[in-house]
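Enquirer: Supplied structure: start.txt, compact mmCIF, N, CA and C atoms.
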```txt
# COMPACT_ATOMS: atom_id res chain seq x y z
N MET I 1 -11.91 -31.67 -1.92
CA MET I 1 -10.51 -31.51 -2.29
C MET I 1 -10.32 -30.17 -3.02
N ALA I 2 -9.36 -29.42 -2.58
CA ALA I 2 -9.08 -28.11 -3.20
C ALA I 2 -8.40 -28.30 -4.55
N ILE I 3 -8.83 -27.52 -5.51
CA ILE I 3 -8.26 -27.62 -6.85
C ILE I 3 -6.94 -26.86 -6.94
N GLY I 4 -6.81 -25.77 -6.22
CA GLY I 4 -5.61 -24.96 -6.31
C GLY I 4 -5.75 -23.96 -7.45
N MET I 5 -4.66 -23.70 -8.12
CA MET I 5 -4.65 -22.71 -9.20
C MET I 5 -5.19 -23.32 -10.49
N THR I 6 -6.24 -22.70 -11.03
CA THR I 6 -6.82 -23.16 -12.29
C THR I 6 -6.37 -22.24 -13.42
N LEU I 7 -6.50 -22.72 -14.63
CA LEU I 7 -6.18 -21.91 -15.79
C LEU I 7 -7.07 -20.67 -15.84
N SER I 8 -8.35 -20.84 -15.54
CA SER I 8 -9.28 -19.72 -15.54
C SER I 8 -8.85 -18.64 -14.54
N THR I 9 -8.47 -19.05 -13.35
CA THR I 9 -8.02 -18.09 -12.34
C THR I 9 -6.74 -17.41 -12.79
N ALA I 10 -5.80 -18.17 -13.33
CA ALA I 10 -4.54 -17.59 -13.81
C ALA I 10 -4.80 -16.57 -14.91
N GLU I 11 -5.72 -16.88 -15.80
CA GLU I 11 -6.05 -15.94 -16.88
C GLU I 11 -6.70 -14.67 -16.33
N THR I 12 -7.52 -14.80 -15.30
CA THR I 12 -8.13 -13.62 -14.66
C THR I 12 -7.05 -12.74 -14.05
N ILE I 13 -6.11 -13.35 -13.35
CA ILE I 13 -5.00 -12.61 -12.73
C ILE I 13 -4.21 -11.85 -13.79
N ILE I 14 -3.87 -12.53 -14.86
CA ILE I 14 -3.07 -11.92 -15.91
C ILE I 14 -3.83 -10.77 -16.58
N ALA I 15 -5.09 -10.99 -16.91
CA ALA I 15 -5.88 -9.95 -17.58
C ALA I 15 -6.00 -8.71 -16.71
N ALA I 16 -6.27 -8.89 -15.42
CA ALA I 16 -6.42 -7.74 -14.52
C ALA I 16 -5.09 -7.03 -14.31
N ALA I 17 -4.00 -7.77 -14.26
CA ALA I 17 -2.67 -7.16 -14.12
C ALA I 17 -2.34 -6.30 -15.33
N ILE I 18 -2.64 -6.81 -16.51
CA ILE I 18 -2.36 -6.06 -17.73
C ILE I 18 -3.29 -4.85 -17.85
N GLU I 19 -4.53 -4.99 -17.39
CA GLU I 19 -5.45 -3.85 -17.37
C GLU I 19 -4.92 -2.74 -16.44
N LYS I 20 -4.41 -3.14 -15.27
CA LYS I 20 -3.84 -2.17 -14.34
C LYS I 20 -2.63 -1.47 -14.97
N ALA I 21 -1.81 -2.23 -15.69
CA ALA I 21 -0.65 -1.65 -16.37
C ALA I 21 -1.08 -0.62 -17.40
N ALA I 22 -2.16 -0.91 -18.12
CA ALA I 22 -2.67 0.05 -19.11
C ALA I 22 -3.17 1.31 -18.42
N ASP I 23 -3.87 1.15 -17.30
CA ASP I 23 -4.36 2.30 -16.54
C ASP I 23 -3.20 3.19 -16.07
N LEU I 24 -2.10 2.55 -15.68
CA LEU I 24 -0.93 3.28 -15.18
C LEU I 24 0.02 3.71 -16.30
N LYS I 25 -0.30 3.31 -17.54
CA LYS I 25 0.54 3.62 -18.71
C LYS I 25 1.98 3.12 -18.53
N LEU I 26 2.09 1.84 -18.15
CA LEU I 26 3.39 1.23 -17.90
C LEU I 26 4.01 0.69 -19.19
N LYS I 27 5.27 0.38 -19.10
CA LYS I 27 5.98 -0.28 -20.20
C LYS I 27 5.39 -1.69 -20.37
N PRO I 28 5.66 -2.35 -21.51
CA PRO I 28 5.11 -3.70 -21.74
C PRO I 28 5.53 -4.68 -20.64
N LEU I 29 4.55 -5.45 -20.16
CA LEU I 29 4.81 -6.41 -19.09
C LEU I 29 4.81 -7.84 -19.59
N THR I 30 5.47 -8.67 -18.81
CA THR I 30 5.35 -10.11 -18.93
C THR I 30 4.85 -10.61 -17.59
N VAL I 31 3.81 -11.44 -17.62
CA VAL I 31 3.16 -11.92 -16.41
C VAL I 31 3.11 -13.44 -16.46
N VAL I 32 3.53 -14.08 -15.37
CA VAL I 32 3.42 -15.54 -15.27
C VAL I 32 2.70 -15.88 -13.97
N VAL I 33 1.87 -16.91 -14.02
CA VAL I 33 1.22 -17.45 -12.83
C VAL I 33 1.67 -18.89 -12.69
N LEU I 34 2.20 -19.20 -11.50
CA LEU I 34 2.63 -20.55 -11.17
C LEU I 34 1.67 -21.15 -10.15
N ASP I 35 1.51 -22.48 -10.17
CA ASP I 35 0.73 -23.12 -9.12
C ASP I 35 1.62 -23.29 -7.89
N ALA I 36 1.08 -23.84 -6.83
CA ALA I 36 1.82 -23.95 -5.57
C ALA I 36 3.05 -24.83 -5.69
N GLY I 37 3.10 -25.69 -6.67
CA GLY I 37 4.26 -26.55 -6.91
C GLY I 37 5.31 -25.92 -7.80
N GLY I 38 5.07 -24.68 -8.24
CA GLY I 38 6.03 -23.98 -9.08
C GLY I 38 5.90 -24.24 -10.56
N HIS I 39 4.81 -24.85 -10.97
CA HIS I 39 4.59 -25.15 -12.39
C HIS I 39 3.83 -24.01 -13.06
N ALA I 40 4.24 -23.62 -14.25
CA ALA I 40 3.57 -22.54 -14.97
C ALA I 40 2.16 -22.96 -15.35
N VAL I 41 1.19 -22.11 -15.02
CA VAL I 41 -0.19 -22.32 -15.42
C VAL I 41 -0.49 -21.46 -16.64
N ALA I 42 0.02 -20.22 -16.63
CA ALA I 42 -0.19 -19.32 -17.77
C ALA I 42 0.89 -18.25 -17.77
N LEU I 43 1.23 -17.80 -18.97
CA LEU I 43 2.20 -16.72 -19.15
C LEU I 43 1.74 -15.87 -20.32
N LYS I 44 1.81 -14.55 -20.14
CA LYS I 44 1.49 -13.65 -21.24
C LYS I 44 2.58 -12.60 -21.30
N ARG I 45 3.05 -12.36 -22.50
CA ARG I 45 4.12 -11.39 -22.76
C ARG I 45 3.57 -10.34 -23.71
N GLN I 46 3.49 -9.08 -23.23
CA GLN I 46 2.95 -8.03 -24.09
C GLN I 46 3.92 -7.70 -25.21
N ASP I 47 3.37 -7.23 -26.33
CA ASP I 47 4.19 -6.79 -27.45
C ASP I 47 5.21 -5.78 -26.96
N GLY I 48 6.44 -5.94 -27.40
CA GLY I 48 7.50 -5.02 -27.02
C GLY I 48 8.29 -5.43 -25.79
N SER I 49 7.88 -6.52 -25.13
CA SER I 49 8.64 -7.00 -23.97
C SER I 49 9.99 -7.54 -24.44
N SER I 50 11.02 -7.25 -23.67
CA SER I 50 12.36 -7.72 -24.06
C SER I 50 12.52 -9.22 -23.84
N ILE I 51 13.58 -9.79 -24.38
CA ILE I 51 13.68 -11.23 -24.54
C ILE I 51 13.81 -12.04 -23.25
N MET I 52 14.33 -11.48 -22.19
CA MET I 52 14.50 -12.25 -20.95
C MET I 52 13.32 -12.10 -19.98
N ARG I 53 12.30 -11.39 -20.38
CA ARG I 53 11.18 -11.13 -19.45
C ARG I 53 10.47 -12.39 -18.95
N PRO I 54 10.25 -13.42 -19.77
CA PRO I 54 9.62 -14.63 -19.21
C PRO I 54 10.45 -15.25 -18.08
N GLN I 55 11.77 -15.27 -18.24
CA GLN I 55 12.63 -15.84 -17.21
C GLN I 55 12.63 -14.97 -15.95
N ILE I 56 12.62 -13.65 -16.12
CA ILE I 56 12.61 -12.75 -14.96
C ILE I 56 11.29 -12.88 -14.20
N ALA I 57 10.17 -12.86 -14.91
CA ALA I 57 8.87 -13.00 -14.26
C ALA I 57 8.79 -14.33 -13.50
N THR I 58 9.24 -15.39 -14.13
CA THR I 58 9.23 -16.71 -13.49
C THR I 58 10.13 -16.71 -12.27
N GLY I 59 11.30 -16.08 -12.36
CA GLY I 59 12.22 -16.01 -11.23
C GLY I 59 11.63 -15.28 -10.04
N LYS I 60 10.83 -14.26 -10.31
CA LYS I 60 10.16 -13.55 -9.22
C LYS I 60 9.12 -14.45 -8.56
N ALA I 61 8.31 -15.14 -9.36
CA ALA I 61 7.28 -16.03 -8.81
C ALA I 61 7.92 -17.20 -8.06
N VAL I 62 8.97 -17.78 -8.61
CA VAL I 62 9.67 -18.88 -7.94
C VAL I 62 10.24 -18.41 -6.61
N GLY I 63 10.78 -17.21 -6.58
CA GLY I 63 11.32 -16.67 -5.33
C GLY I 63 10.26 -16.57 -4.25
N ALA I 64 9.07 -16.11 -4.63
CA ALA I 64 7.97 -16.01 -3.65
C ALA I 64 7.60 -17.39 -3.12
N LEU I 65 7.48 -18.36 -4.00
CA LEU I 65 7.16 -19.72 -3.56
C LEU I 65 8.27 -20.30 -2.70
N ALA I 66 9.51 -20.01 -3.04
CA ALA I 66 10.66 -20.58 -2.33
C ALA I 66 10.70 -20.17 -0.87
N VAL I 67 10.31 -18.92 -0.59
CA VAL I 67 10.41 -18.44 0.79
C VAL I 67 9.05 -18.29 1.48
N GLY I 68 7.97 -18.56 0.75
CA GLY I 68 6.65 -18.52 1.35
C GLY I 68 6.11 -17.14 1.62
N THR I 69 6.62 -16.16 0.89
CA THR I 69 6.13 -14.79 0.97
C THR I 69 6.59 -14.05 -0.28
N GLY I 70 6.04 -12.88 -0.50
CA GLY I 70 6.40 -12.12 -1.69
C GLY I 70 7.86 -11.70 -1.71
N THR I 71 8.31 -11.34 -2.91
CA THR I 71 9.73 -11.05 -3.10
C THR I 71 10.17 -9.71 -2.54
N ARG I 72 9.25 -8.89 -2.05
CA ARG I 72 9.67 -7.68 -1.32
C ARG I 72 10.51 -8.10 -0.11
N TRP I 73 10.14 -9.22 0.52
CA TRP I 73 10.91 -9.76 1.65
C TRP I 73 12.31 -10.17 1.18
N LEU I 74 12.38 -10.84 0.03
CA LEU I 74 13.69 -11.24 -0.50
C LEU I 74 14.55 -10.02 -0.82
N ASN I 75 13.93 -8.99 -1.37
CA ASN I 75 14.66 -7.76 -1.69
C ASN I 75 15.28 -7.16 -0.43
N ALA I 76 14.49 -7.08 0.64
CA ALA I 76 15.00 -6.53 1.90
C ALA I 76 16.14 -7.39 2.44
N ASN I 77 16.02 -8.69 2.31
CA ASN I 77 17.07 -9.58 2.80
C ASN I 77 18.31 -9.56 1.91
N ALA I 78 18.14 -9.25 0.64
CA ALA I 78 19.30 -9.11 -0.25
C ALA I 78 20.17 -7.95 0.21
N GLU I 79 19.53 -6.94 0.81
CA GLU I 79 20.26 -5.79 1.32
C GLU I 79 20.88 -6.05 2.68
N THR I 80 20.15 -6.74 3.56
CA THR I 80 20.63 -6.93 4.93
C THR I 80 21.35 -8.25 5.16
N ARG I 81 21.04 -9.26 4.36
CA ARG I 81 21.65 -10.59 4.49
C ARG I 81 21.99 -11.15 3.11
N PRO I 82 22.88 -10.47 2.39
CA PRO I 82 23.16 -10.89 1.02
C PRO I 82 23.68 -12.33 0.93
N HIS I 83 24.41 -12.78 1.95
CA HIS I 83 24.92 -14.15 1.94
C HIS I 83 23.77 -15.16 1.89
N PHE I 84 22.67 -14.88 2.62
CA PHE I 84 21.53 -15.77 2.62
C PHE I 84 20.87 -15.83 1.24
N VAL I 85 20.62 -14.66 0.66
CA VAL I 85 19.95 -14.62 -0.65
C VAL I 85 20.85 -15.23 -1.72
N ASN I 86 22.15 -14.98 -1.66
CA ASN I 86 23.07 -15.62 -2.61
C ASN I 86 23.05 -17.14 -2.47
N ALA I 87 23.04 -17.63 -1.22
CA ALA I 87 23.00 -19.08 -1.01
C ALA I 87 21.68 -19.67 -1.50
N LEU I 88 20.59 -18.98 -1.23
CA LEU I 88 19.28 -19.43 -1.69
C LEU I 88 19.23 -19.49 -3.21
N ASN I 89 19.75 -18.46 -3.85
CA ASN I 89 19.77 -18.45 -5.30
C ASN I 89 20.66 -19.55 -5.85
N GLY I 90 21.78 -19.80 -5.17
CA GLY I 90 22.65 -20.90 -5.59
C GLY I 90 21.96 -22.25 -5.44
N ALA I 91 21.27 -22.44 -4.31
CA ALA I 91 20.55 -23.69 -4.09
C ALA I 91 19.45 -23.91 -5.11
N SER I 92 18.90 -22.81 -5.65
CA SER I 92 17.82 -22.91 -6.64
C SER I 92 18.36 -23.01 -8.07
N GLY I 93 19.68 -23.06 -8.21
CA GLY I 93 20.25 -23.10 -9.56
C GLY I 93 20.15 -21.76 -10.26
N GLY I 94 20.09 -20.67 -9.49
CA GLY I 94 20.00 -19.33 -10.06
C GLY I 94 18.60 -18.96 -10.52
N ALA I 95 17.59 -19.66 -10.02
CA ALA I 95 16.22 -19.47 -10.51
C ALA I 95 15.47 -18.32 -9.85
N ILE I 96 16.05 -17.68 -8.83
CA ILE I 96 15.32 -16.67 -8.06
C ILE I 96 15.75 -15.26 -8.43
N ILE I 97 14.76 -14.39 -8.65
CA ILE I 97 14.99 -12.96 -8.87
C ILE I 97 14.47 -12.25 -7.62
N PRO I 98 15.37 -11.76 -6.75
CA PRO I 98 14.95 -11.25 -5.44
C PRO I 98 14.58 -9.77 -5.40
N VAL I 99 13.65 -9.37 -6.24
CA VAL I 99 13.17 -7.98 -6.24
C VAL I 99 11.64 -8.00 -6.25
N PRO I 100 11.00 -6.91 -5.81
CA PRO I 100 9.53 -6.89 -5.81
C PRO I 100 8.96 -7.16 -7.21
N GLY I 101 7.78 -7.78 -7.18
CA GLY I 101 7.12 -8.17 -8.42
C GLY I 101 6.77 -9.65 -8.42
N GLY I 102 7.24 -10.37 -7.40
CA GLY I 102 6.85 -11.76 -7.16
C GLY I 102 5.90 -11.77 -5.98
N VAL I 103 4.66 -12.18 -6.19
CA VAL I 103 3.63 -12.09 -5.16
C VAL I 103 3.04 -13.47 -4.92
N LEU I 104 3.04 -13.89 -3.67
CA LEU I 104 2.43 -15.15 -3.29
C LEU I 104 0.92 -15.00 -3.33
N ILE I 105 0.23 -16.04 -3.77
CA ILE I 105 -1.23 -16.01 -3.88
C ILE I 105 -1.82 -16.97 -2.85
N ARG I 106 -2.69 -16.43 -2.00
CA ARG I 106 -3.33 -17.24 -0.95
C ARG I 106 -4.85 -17.28 -1.17
N ASP I 107 -5.45 -18.41 -0.79
CA ASP I 107 -6.90 -18.52 -0.87
C ASP I 107 -7.53 -18.00 0.41
N ALA I 108 -8.84 -18.13 0.53
CA ALA I 108 -9.57 -17.57 1.67
C ALA I 108 -9.14 -18.19 3.00
N SER I 109 -8.65 -19.42 2.96
CA SER I 109 -8.20 -20.07 4.20
C SER I 109 -6.75 -19.78 4.52
N GLY I 110 -6.08 -19.00 3.66
CA GLY I 110 -4.69 -18.66 3.90
C GLY I 110 -3.69 -19.61 3.28
N GLU I 111 -4.19 -20.63 2.59
CA GLU I 111 -3.30 -21.59 1.94
C GLU I 111 -2.70 -21.00 0.68
N THR I 112 -1.44 -21.32 0.42
CA THR I 112 -0.78 -20.87 -0.79
C THR I 112 -1.30 -21.69 -1.97
N VAL I 113 -1.80 -20.99 -3.01
CA VAL I 113 -2.28 -21.67 -4.20
C VAL I 113 -1.38 -21.40 -5.41
N GLY I 114 -0.42 -20.48 -5.23
CA GLY I 114 0.49 -20.19 -6.33
C GLY I 114 1.21 -18.89 -6.11
N ALA I 115 1.76 -18.37 -7.20
CA ALA I 115 2.46 -17.09 -7.17
C ALA I 115 2.36 -16.47 -8.55
N VAL I 116 2.40 -15.14 -8.57
CA VAL I 116 2.45 -14.41 -9.83
C VAL I 116 3.76 -13.63 -9.85
N GLY I 117 4.39 -13.63 -11.01
CA GLY I 117 5.60 -12.84 -11.22
C GLY I 117 5.38 -11.90 -12.39
N ILE I 118 5.75 -10.64 -12.19
CA ILE I 118 5.57 -9.64 -13.25
C ILE I 118 6.86 -8.85 -13.40
N THR I 119 7.20 -8.56 -14.65
CA THR I 119 8.36 -7.75 -14.96
C THR I 119 8.08 -6.90 -16.19
N GLY I 120 8.80 -5.78 -16.27
CA GLY I 120 8.68 -4.92 -17.45
C GLY I 120 8.77 -3.46 -17.12
N ASP I 121 8.32 -3.08 -15.94
CA ASP I 121 8.39 -1.68 -15.52
C ASP I 121 9.22 -1.65 -14.23
N THR I 122 9.03 -0.66 -13.38
CA THR I 122 9.75 -0.67 -12.11
C THR I 122 9.23 -1.82 -11.26
N SER I 123 10.04 -2.28 -10.33
CA SER I 123 9.61 -3.36 -9.45
C SER I 123 8.34 -3.00 -8.68
N ASP I 124 8.25 -1.76 -8.20
CA ASP I 124 7.04 -1.34 -7.47
C ASP I 124 5.81 -1.38 -8.37
N ASN I 125 5.92 -0.94 -9.61
CA ASN I 125 4.80 -0.99 -10.54
C ASN I 125 4.45 -2.43 -10.90
N ASP I 126 5.48 -3.27 -11.10
CA ASP I 126 5.23 -4.68 -11.38
C ASP I 126 4.41 -5.30 -10.24
N GLU I 127 4.82 -5.00 -9.02
CA GLU I 127 4.13 -5.54 -7.84
C GLU I 127 2.70 -5.02 -7.75
N ALA I 128 2.47 -3.74 -8.02
CA ALA I 128 1.12 -3.17 -7.98
C ALA I 128 0.20 -3.89 -8.96
N CYS I 129 0.71 -4.22 -10.13
CA CYS I 129 -0.09 -4.94 -11.12
C CYS I 129 -0.37 -6.36 -10.66
N ALA I 130 0.60 -6.99 -10.02
CA ALA I 130 0.41 -8.34 -9.50
C ALA I 130 -0.69 -8.35 -8.44
N VAL I 131 -0.66 -7.39 -7.54
CA VAL I 131 -1.67 -7.29 -6.49
C VAL I 131 -3.05 -7.08 -7.12
N ALA I 132 -3.15 -6.20 -8.10
CA ALA I 132 -4.43 -5.96 -8.77
C ALA I 132 -4.96 -7.24 -9.40
N GLY I 133 -4.08 -8.01 -10.01
CA GLY I 133 -4.50 -9.27 -10.63
C GLY I 133 -5.00 -10.28 -9.62
N VAL I 134 -4.26 -10.45 -8.54
CA VAL I 134 -4.64 -11.41 -7.51
C VAL I 134 -5.97 -11.01 -6.88
N GLU I 135 -6.12 -9.74 -6.56
CA GLU I 135 -7.36 -9.28 -5.93
C GLU I 135 -8.55 -9.40 -6.88
N ALA I 136 -8.33 -9.21 -8.17
CA ALA I 136 -9.41 -9.36 -9.15
C ALA I 136 -9.93 -10.79 -9.20
N ALA I 137 -9.06 -11.73 -8.85
CA ALA I 137 -9.46 -13.15 -8.83
C ALA I 137 -10.09 -13.55 -7.50
N GLY I 138 -10.24 -12.58 -6.59
CA GLY I 138 -10.85 -12.88 -5.30
C GLY I 138 -9.92 -13.59 -4.35
N LEU I 139 -8.63 -13.45 -4.56
CA LEU I 139 -7.62 -14.11 -3.73
C LEU I 139 -6.82 -13.05 -2.98
N THR I 140 -5.93 -13.49 -2.10
CA THR I 140 -5.13 -12.59 -1.29
C THR I 140 -3.70 -12.56 -1.77
N ALA I 141 -3.18 -11.34 -1.96
CA ALA I 141 -1.80 -11.14 -2.40
C ALA I 141 -0.90 -10.96 -1.18
N ASP I 142 0.22 -11.67 -1.16
CA ASP I 142 1.23 -11.54 -0.11
C ASP I 142 2.50 -11.03 -0.79
N CYS I 143 2.79 -9.74 -0.60
CA CYS I 143 3.96 -9.11 -1.24
C CYS I 143 5.26 -9.33 -0.48
N GLY I 144 5.14 -9.76 0.77
CA GLY I 144 6.35 -9.97 1.57
C GLY I 144 6.67 -8.78 2.40
```
Please express what this file holds, its structure, as structure tokens.

Expert:
Amino acid sequence: MAIGMTLSTAETIIAAAIEKAADLKLKPLTVVVLDAGGHAVALKRQDGSSIMRPQIATGKAVGALAVGTGTRWLNANAETRPHFVNALNGASGGAIIPVPGGVLIRDASGETVGAVGITGDTSDNDEACAVAGVEAAGLTADCG
């Protein structure tokens, strides 16, 4: 039986993401890792992160889980099919943040084990840190 997302794995993802942010000299990040059911496994907010960052990071991760791919896909659809993304966000109770930085996490067999959401710098930088975290854990990042 597969365990899915563990606390240890989530902590590895977060630590590697924050290390990547330090290497890139980014603004303070907030990083959340959700399991495949959308439940928070771990969240870390760097000193200096603004007050809504936990909600934004979670919204990015929820968005990835909601559509089964990273939020780069949602961002593209927000531009080309805004009615769809608005309806999806309405159906989720406003829980989705449709910009890059929400990355689906897949295991070696391709199964979704969770998602990571990162916020604090540009969406592209947030996403780069998410990918670094997922890859450090030996998993596959799906940016969408």

Enquirer: I'd like the interatomic distance between CA of Ala132 in chain I and CA of Ile13 in chain I, to a tenth of an Å.

Expert: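 These two atoms are separated by 7.8 Å.
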
Enquirer: Write down as an NGL selection string the residues belonging to chain I that are assigned helix (DSSP H, G or I) by DSSP computed on the backbone.

Expert: :I and (7-24 or 53-67 or 71-80 or 82-91 or 123-136)

Enquirer: Would you work out the distance separating CA of Thr80 in chain I from CA of Val99 in chain I, expressed in Å to one decimal?

Expert: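 So the answer is 13.5 Å.
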
Enquirer: Go ahead and compute the interatomic distance for atom N of Trp73 in chain I and atom C of Ala108 in chain I, in Å to one decimal.

Expert: 21.4 Å

Enquirer: Go through I:Ile96, I:Ile105, I:Ala91, I:Cys129 and flag the residue nearest Ile56 in chain I, using only N, CA and C atoms for the distances.

Expert: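 For Ile56 in chain I, the nearest of the candidates is I:Ile96.
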